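Undergrad: Below you'll find the structure I mean.
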Amino acid sequence: MKTYYLNNAATTWPKPECVADAMRDFLIKGGANSSRGTSSERDMGTMNLILDCRMKLAEFFGGYEDFNPLLVTFTSNITEALNIVLRGFLKPGMSVITSSMEHNAVMRPLRALEQKGINVEVLRADSEGALNPSGLEKLLSEKKFNLMVFASASNVCGTVQPLKEIAEICKKNNLPLVLDTAQTAGLIEHNASELGLAALCFTGHKGLMGPQGTGGIVWQPDFAARVEPIMTGGTGSYSHLEYQPDDMPDKFESGTPNLPGIAGLNAALTWLKDTGIKNIAQKENELGRYFLERLKNFDEVILTGRKEMKDRVSVFSFNVKNIDNGILADELSLRGFETRPGLHCAPSAHKTLGTFPQGALRVSPGYFNTFEEIDKFMEELKAAF
Ligand SMILES: Cc1ncc(COP(=O)(O)O)c(C=O)c1O
């Protein structure tokens, strides 16, 4: 049976072919560990690959100190990146603000930290999932905070947050801001140094088009100096020391990195640059607009979040009257459509949108989908209920 992938918010698929080619090449022709050999050609090949990828990421995300590659940390996903930042920075007695639209990659570390004496304040978004900058200003005028963390766009309903306004408010209040770019990196340009972010966290396998098992952090240097590593170990450097080095990037990178993953991500970043994230965003936007127009033809559909493409990405969650979204997802999958039902690791977001505990069916077209596939989806959706 032909299948149609409409679950790009979970992970983008297919990947550009160059990604798999680069991973294969690394494993077959390269394959040396990083900083744990000599200056052989294969060892240097790995060092060059890592540096090249760090440089691309620093430039891609507008890193500090003229895109200093040493201020980029590799992790295995954005969940690890967020844990490194939140658990490494927040100490008992500190206060952190987040939004009610967060994925559990933010919520769970914060709730765990709350049990250790960190005060967690949740700023409630409106019924379309958007944060109100004046609500943040009010909160900051009433109380002192040490950190703010939130996602640039919702993984449930696709609402894009007013990032520039929020970053401006944080700057004015001297509040370090940590950004979860999981749903916008590769679609919206984020410039960490212009926005004044303390840390920009990213995952490699969604809009960046890289393989699973990749992600990282772009740091503001003074903030990085204030964060304690949550993991320590071998870095291939300072081998005479039994203590973790403070130097970047070693401070946050213990153990052998995901080198085939970095090779894939590196190729994906070249593909993104050649294709142009504006072109990718435009295609997804057009597909999204078409999807919304067609969905409006169904009286039985209750869409969460924004009803137009303004300030949103093409991530759509909806319920169909009188049918459970899990059953609907199964019906659609029998017809070849891959979607995601349920709560999308974001119970707080669903509570904000009024879709807790039942959740919703999430459909997220990506760059490689077509208008014909959306037509076919609508036909099958109609047939499924
Ligand atoms: C907004 C958001 N944050 C964090 C994550 C976690 O991503 P990963 O599983 O790559 O760590 C996701 C994944 O869906 C997400 O959508």
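Chain labels A, B, ... are given in the sequence in which chains occur in the structure tokens; within each chain residues are numbered consecutively from 1, and ligands are likewise numbered from 1 in the order shown.
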Could you list, as a count of residues only, all protein and nucleic acid residues with an atom at most 10 Å from ligand 1, counting only C-alpha atoms and all ligand atoms?
TA: 48
Undergrad: Residues near Arg42 of chain A, anyone? I mean within 9 Å using only C-alpha atoms, not counting same-chain ones fewer than 6 positions away, as a PyMOL selection string.
TA: chain A and resi 29-33
Undergrad: Using the chain letters and numbers from this document, which residues of segment 156-350 of chain A does DSSP assign to alpha helix (DSSP H), as an MDAnalysis selection string?
TA: chainID A and resid 163:172 192:195 221:225 259:275 277:295 325:334 347:350
Undergrad: Using only C-alpha atoms, find the one residue out of A:Ala267, A:Pro260, A:Lys307, A:Ser35 that sits nearest to Thr235 of chain A.
TA: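 The shortest atom-to-atom distance to Thr235 of chain A comes from A:Ser35.
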Undergrad: Between atom CA of Lys251 of chain A and atom CA of Arg54 of chain A, what is the spacing in Å?
TA: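 That distance, rounded to one decimal, is 15.2 Å.
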Undergrad: Smallest atom-to-atom distance to Leu49 of chain A: which of A:Val320, A:Leu287, A:Ala112, A:Ile262, using only C-alpha atoms?
TA: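 Distance minimum relative to Leu49 of chain A lands on A:Ile262.
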Undergrad: List as a list in words the protein and nucleic acid residues near Phe318 of chain A, meaning an atom at most 10 Å away when only C-alpha atoms are counted, but skip any in the same chain fewer than 6 places from it.
TA: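 Once the adjacent positions are removed, what remains is Val156, Cys157, Leu295, Val301, Ile302, Leu303, Thr304, Gly305, Asn325, Pro341, Thr355, Gly359, Ala360, Leu361, Arg362 and Val363 of chain A.
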Undergrad: Write out, as an mmCIF file, in the first residue's frame, the residues just selected, with all heavy atoms.
TA:
data_model
loop_
_atom_site.group_PDB
_atom_site.id
_atom_site.type_symbol
_atom_site.label_atom_id
_atom_site.label_comp_id
_atom_site.auth_asym_id
_atom_site.auth_seq_id
_atom_site.Cartn_x
_atom_site.Cartn_y
_atom_site.Cartn_z
ATOM 1 N N VAL A 156 1.660 21.320 19.171
ATOM 2 C CA VAL A 156 0.288 20.813 19.110
ATOM 3 C C VAL A 156 -0.500 21.545 18.024
ATOM 4 O O VAL A 156 -1.086 20.917 17.151
ATOM 5 C CB VAL A 156 -0.420 20.966 20.486
ATOM 6 C CG1 VAL A 156 -1.884 20.554 20.380
ATOM 7 C CG2 VAL A 156 0.292 20.131 21.540
ATOM 8 N N CYS A 157 -0.495 22.881 18.078
ATOM 9 C CA CYS A 157 -1.365 23.620 17.146
ATOM 10 C C CYS A 157 -0.584 24.527 16.209
ATOM 11 O O CYS A 157 -1.189 25.227 15.401
ATOM 12 C CB CYS A 157 -2.400 24.422 17.921
ATOM 13 S SG CYS A 157 -1.650 25.664 18.976
ATOM 14 N N LEU A 295 -9.955 21.734 5.028
ATOM 15 C CA LEU A 295 -10.491 21.227 6.303
ATOM 16 C C LEU A 295 -11.772 21.977 6.698
ATOM 17 O O LEU A 295 -12.661 21.411 7.338
ATOM 18 C CB LEU A 295 -9.431 21.376 7.399
ATOM 19 C CG LEU A 295 -9.608 20.524 8.641
ATOM 20 C CD1 LEU A 295 -9.436 19.040 8.307
ATOM 21 C CD2 LEU A 295 -8.588 20.911 9.721
ATOM 22 N N VAL A 301 -15.508 18.922 11.886
ATOM 23 C CA VAL A 301 -14.136 19.094 12.385
ATOM 24 C C VAL A 301 -14.038 20.285 13.340
ATOM 25 O O VAL A 301 -14.527 21.371 13.039
ATOM 26 C CB VAL A 301 -13.163 19.282 11.190
ATOM 27 C CG1 VAL A 301 -11.827 19.844 11.649
ATOM 28 C CG2 VAL A 301 -12.950 17.956 10.475
ATOM 29 N N ILE A 302 -13.392 20.051 14.487
ATOM 30 C CA ILE A 302 -13.131 21.165 15.424
ATOM 31 C C ILE A 302 -11.620 21.346 15.487
ATOM 32 O O ILE A 302 -10.895 20.520 16.054
ATOM 33 C CB ILE A 302 -13.677 20.845 16.834
ATOM 34 C CG1 ILE A 302 -15.151 20.425 16.743
ATOM 35 C CG2 ILE A 302 -13.515 22.056 17.768
ATOM 36 C CD1 ILE A 302 -15.591 19.575 17.912
ATOM 37 N N LEU A 303 -11.158 22.419 14.879
ATOM 38 C CA LEU A 303 -9.720 22.695 14.800
ATOM 39 C C LEU A 303 -9.269 23.484 16.025
ATOM 40 O O LEU A 303 -9.942 24.427 16.432
ATOM 41 C CB LEU A 303 -9.451 23.509 13.527
ATOM 42 C CG LEU A 303 -8.019 23.954 13.264
ATOM 43 C CD1 LEU A 303 -7.151 22.767 12.848
ATOM 44 C CD2 LEU A 303 -7.989 25.019 12.166
ATOM 45 N N THR A 304 -8.117 23.111 16.602
ATOM 46 C CA THR A 304 -7.579 23.907 17.716
ATOM 47 C C THR A 304 -6.650 24.972 17.140
ATOM 48 O O THR A 304 -6.142 24.830 16.027
ATOM 49 C CB THR A 304 -6.741 23.048 18.695
ATOM 50 O OG1 THR A 304 -5.585 22.591 17.998
ATOM 51 C CG2 THR A 304 -7.504 21.881 19.238
ATOM 52 N N GLY A 305 -6.419 26.017 17.907
ATOM 53 C CA GLY A 305 -5.428 27.028 17.508
ATOM 54 C C GLY A 305 -5.913 27.920 16.383
ATOM 55 O O GLY A 305 -7.109 28.048 16.129
ATOM 56 N N ASN A 325 -10.049 10.510 18.590
ATOM 57 C CA ASN A 325 -8.969 10.847 17.642
ATOM 58 C C ASN A 325 -7.993 9.680 17.440
ATOM 59 O O ASN A 325 -7.365 9.572 16.393
ATOM 60 C CB ASN A 325 -8.273 12.147 18.039
ATOM 61 C CG ASN A 325 -7.581 12.070 19.384
ATOM 62 O OD1 ASN A 325 -6.483 11.537 19.485
ATOM 63 N ND2 ASN A 325 -8.238 12.573 20.437
ATOM 64 N N PRO A 341 -2.130 10.921 16.900
ATOM 65 C CA PRO A 341 -3.227 11.298 17.793
ATOM 66 C C PRO A 341 -2.721 11.528 19.217
ATOM 67 O O PRO A 341 -1.522 11.376 19.487
ATOM 68 C CB PRO A 341 -4.114 10.059 17.748
ATOM 69 C CG PRO A 341 -3.131 8.929 17.605
ATOM 70 C CD PRO A 341 -1.940 9.459 16.837
ATOM 71 N N THR A 355 -8.328 20.745 24.939
ATOM 72 C CA THR A 355 -8.411 19.399 24.353
ATOM 73 C C THR A 355 -7.793 18.339 25.270
ATOM 74 O O THR A 355 -7.324 17.304 24.798
ATOM 75 C CB THR A 355 -7.715 19.369 22.968
ATOM 76 O OG1 THR A 355 -6.477 20.076 23.063
ATOM 77 C CG2 THR A 355 -8.578 19.994 21.900
ATOM 78 N N GLY A 359 -7.110 14.828 23.906
ATOM 79 C CA GLY A 359 -6.093 15.103 22.896
ATOM 80 C C GLY A 359 -6.711 15.448 21.558
ATOM 81 O O GLY A 359 -7.879 15.868 21.487
ATOM 82 N N ALA A 360 -5.978 15.263 20.510
ATOM 83 C CA ALA A 360 -6.458 15.624 19.167
ATOM 84 C C ALA A 360 -5.643 14.836 18.137
ATOM 85 O O ALA A 360 -4.618 14.243 18.465
ATOM 86 C CB ALA A 360 -6.293 17.126 18.942
ATOM 87 N N LEU A 361 -6.149 14.873 16.907
ATOM 88 C CA LEU A 361 -5.399 14.258 15.810
ATOM 89 C C LEU A 361 -4.494 15.333 15.215
ATOM 90 O O LEU A 361 -4.973 16.395 14.819
ATOM 91 C CB LEU A 361 -6.356 13.746 14.734
ATOM 92 C CG LEU A 361 -5.655 13.128 13.524
ATOM 93 C CD1 LEU A 361 -5.073 11.777 13.884
ATOM 94 C CD2 LEU A 361 -6.601 12.996 12.351
ATOM 95 N N ARG A 362 -3.186 15.058 15.204
ATOM 96 C CA ARG A 362 -2.261 16.056 14.647
ATOM 97 C C ARG A 362 -1.820 15.644 13.249
ATOM 98 O O ARG A 362 -1.399 14.505 13.030
ATOM 99 C CB ARG A 362 -1.039 16.197 15.552
ATOM 100 C CG ARG A 362 -0.108 17.316 15.098
ATOM 101 C CD ARG A 362 1.087 17.440 16.003
ATOM 102 N NE ARG A 362 2.005 16.325 15.818
ATOM 103 C CZ ARG A 362 3.103 16.120 16.556
ATOM 104 N NH1 ARG A 362 3.399 16.948 17.533
ATOM 105 N NH2 ARG A 362 3.896 15.090 16.313
ATOM 106 N N VAL A 363 -1.920 16.596 12.334
ATOM 107 C CA VAL A 363 -1.486 16.375 10.954
ATOM 108 C C VAL A 363 -0.466 17.464 10.643
ATOM 109 O O VAL A 363 -0.742 18.650 10.832
ATOM 110 C CB VAL A 363 -2.690 16.474 9.983
ATOM 111 C CG1 VAL A 363 -2.247 16.230 8.549
ATOM 112 C CG2 VAL A 363 -3.776 15.485 10.388
#
Undergrad: Sorted by chain and rising residue number, list the residues of segment 121-192 of chain A at most 12 Å from segment 268-275 of chain A (counting only C-alpha atoms), each with its closest atom pair and distance in Å to one decimal, as a tab-separated table.
TA:
residue	atom	partner	partner_atom	distance
A:Ala185	CA	A:Leu272	CA	10.7
A:Gly186	CA	A:Leu272	CA	7.3
A:Leu187	CA	A:Leu272	CA	9.7
A:Ile188	CA	A:Leu272	CA	11.9
A:Glu189	CA	A:Lys273	CA	11.7
Undergrad: Show me, as a PDB file with N, CA and C atoms, in the first residue's frame, the residues that have an atom within 9 Å of Arg294 of chain A when counting only C-alpha atoms, minus same-chain residues fewer than 4 positions from it.
TA:
ATOM      1  N   ARG A 289      -1.921  26.389   4.021  1.00  0.00           N
ATOM      2  CA  ARG A 289      -3.107  27.183   3.666  1.00  0.00           C
ATOM      3  C   ARG A 289      -4.131  26.289   2.946  1.00  0.00           C
ATOM      4  N   TYR A 290      -3.624  25.468   2.047  1.00  0.00           N
ATOM      5  CA  TYR A 290      -4.495  24.564   1.286  1.00  0.00           C
ATOM      6  C   TYR A 290      -5.183  23.570   2.223  1.00  0.00           C
ATOM      7  N   PHE A 298     -15.422  20.666   6.301  1.00  0.00           N
ATOM      8  CA  PHE A 298     -16.046  19.645   7.161  1.00  0.00           C
ATOM      9  C   PHE A 298     -16.668  20.292   8.399  1.00  0.00           C
ATOM     10  N   ILE A 374      -2.645  16.092  -0.051  1.00  0.00           N
ATOM     11  CA  ILE A 374      -3.629  16.712   0.853  1.00  0.00           C
ATOM     12  C   ILE A 374      -5.046  16.443   0.337  1.00  0.00           C
ATOM     13  N   ASP A 375      -5.232  16.515  -0.973  1.00  0.00           N
ATOM     14  CA  ASP A 375      -6.547  16.167  -1.555  1.00  0.00           C
ATOM     15  C   ASP A 375      -6.934  14.745  -1.161  1.00  0.00           C
ATOM     16  N   MET A 378      -7.945  14.419   2.435  1.00  0.00           N
ATOM     17  CA  MET A 378      -9.298  14.929   2.714  1.00  0.00           C
ATOM     18  C   MET A 378     -10.364  13.904   2.286  1.00  0.00           C
TER      19      MET A 378
END
Undergrad: As a ChimeraX atom specification, please: all residues of segment 117-348 of chain A that backbone DSSP puts in strand (DSSP E or B).
TA: /A:119-123,147-151,153,159-160,177-180,185,188,199-203,215-219,301-303,312,316-320,323,337-338,340
Undergrad: Determine, counting only C-alpha atoms, which protein, DNA and RNA residues have an atom within 10 Å of an atom of Ser134 of chain A; residues of the same chain fewer than 3 positions away are not included. Present the result as a PyMOL selection string.
TA: chain A and resi 131+137-140+165-166+169
Undergrad: Just N, CA and C atoms for this one: save the residues we selected as a tab-separated table (two decimals), in the first residue's frame.
TA:
chain	number	residue	atom	x	y	z
A	131	LEU	N	1.19	33.49	23.49
A	131	LEU	CA	1.56	34.21	24.71
A	131	LEU	C	1.32	35.71	24.51
A	137	GLU	N	5.23	41.16	30.87
A	137	GLU	CA	5.72	42.41	31.47
A	137	GLU	C	5.13	42.61	32.86
A	138	LYS	N	3.84	42.30	32.98
A	138	LYS	CA	3.16	42.47	34.26
A	138	LYS	C	3.79	41.54	35.32
A	139	LEU	N	3.98	40.29	34.91
A	139	LEU	CA	4.57	39.31	35.83
A	139	LEU	C	5.95	39.76	36.30
A	140	LEU	N	6.73	40.29	35.36
A	140	LEU	CA	8.10	40.71	35.70
A	140	LEU	C	8.11	41.96	36.58
A	165	GLU	N	9.21	40.22	20.58
A	165	GLU	CA	8.69	41.05	21.67
A	165	GLU	C	9.11	40.46	23.02
A	166	ILE	N	8.99	39.15	23.14
A	166	ILE	CA	9.35	38.50	24.41
A	166	ILE	C	10.84	38.65	24.68
A	169	ILE	N	11.58	42.10	25.92
A	169	ILE	CA	11.18	42.28	27.32
A	169	ILE	C	12.21	41.62	28.25
Undergrad: Using only C-alpha atoms, which of A:Ser237, A:Gln115, A:Pro133, A:Glu194 sits nearest Gln220 of chain A?
TA: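 Selected residue with least distance to Gln220 of chain A: A:Glu194.
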Undergrad: Using only C-alpha atoms, determine which residues lie at most 9 Å from Ala198 of chain A, disregarding the query and same-chain residues fewer than 6 positions distant; provide the list as a list of chain:residue names.
TA: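 What passes the distance filter is A:Leu175, A:Pro176, A:Leu177, A:Val178, A:Leu179, A:Ala192, A:Val218, A:Trp219, A:Gln220, A:Pro221, A:Asp222, A:Phe223, A:Ala224.
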Undergrad: Can you pull out every residue within 12 Å of Glu253 of chain A, counting only C-alpha atoms, but drop anything in the same chain fewer than 2 positions away, and send it as a PyMOL selection string?
TA: chain A and resi 34-35+70-76+80-81+84+216-217+229-237+244-251+255-258
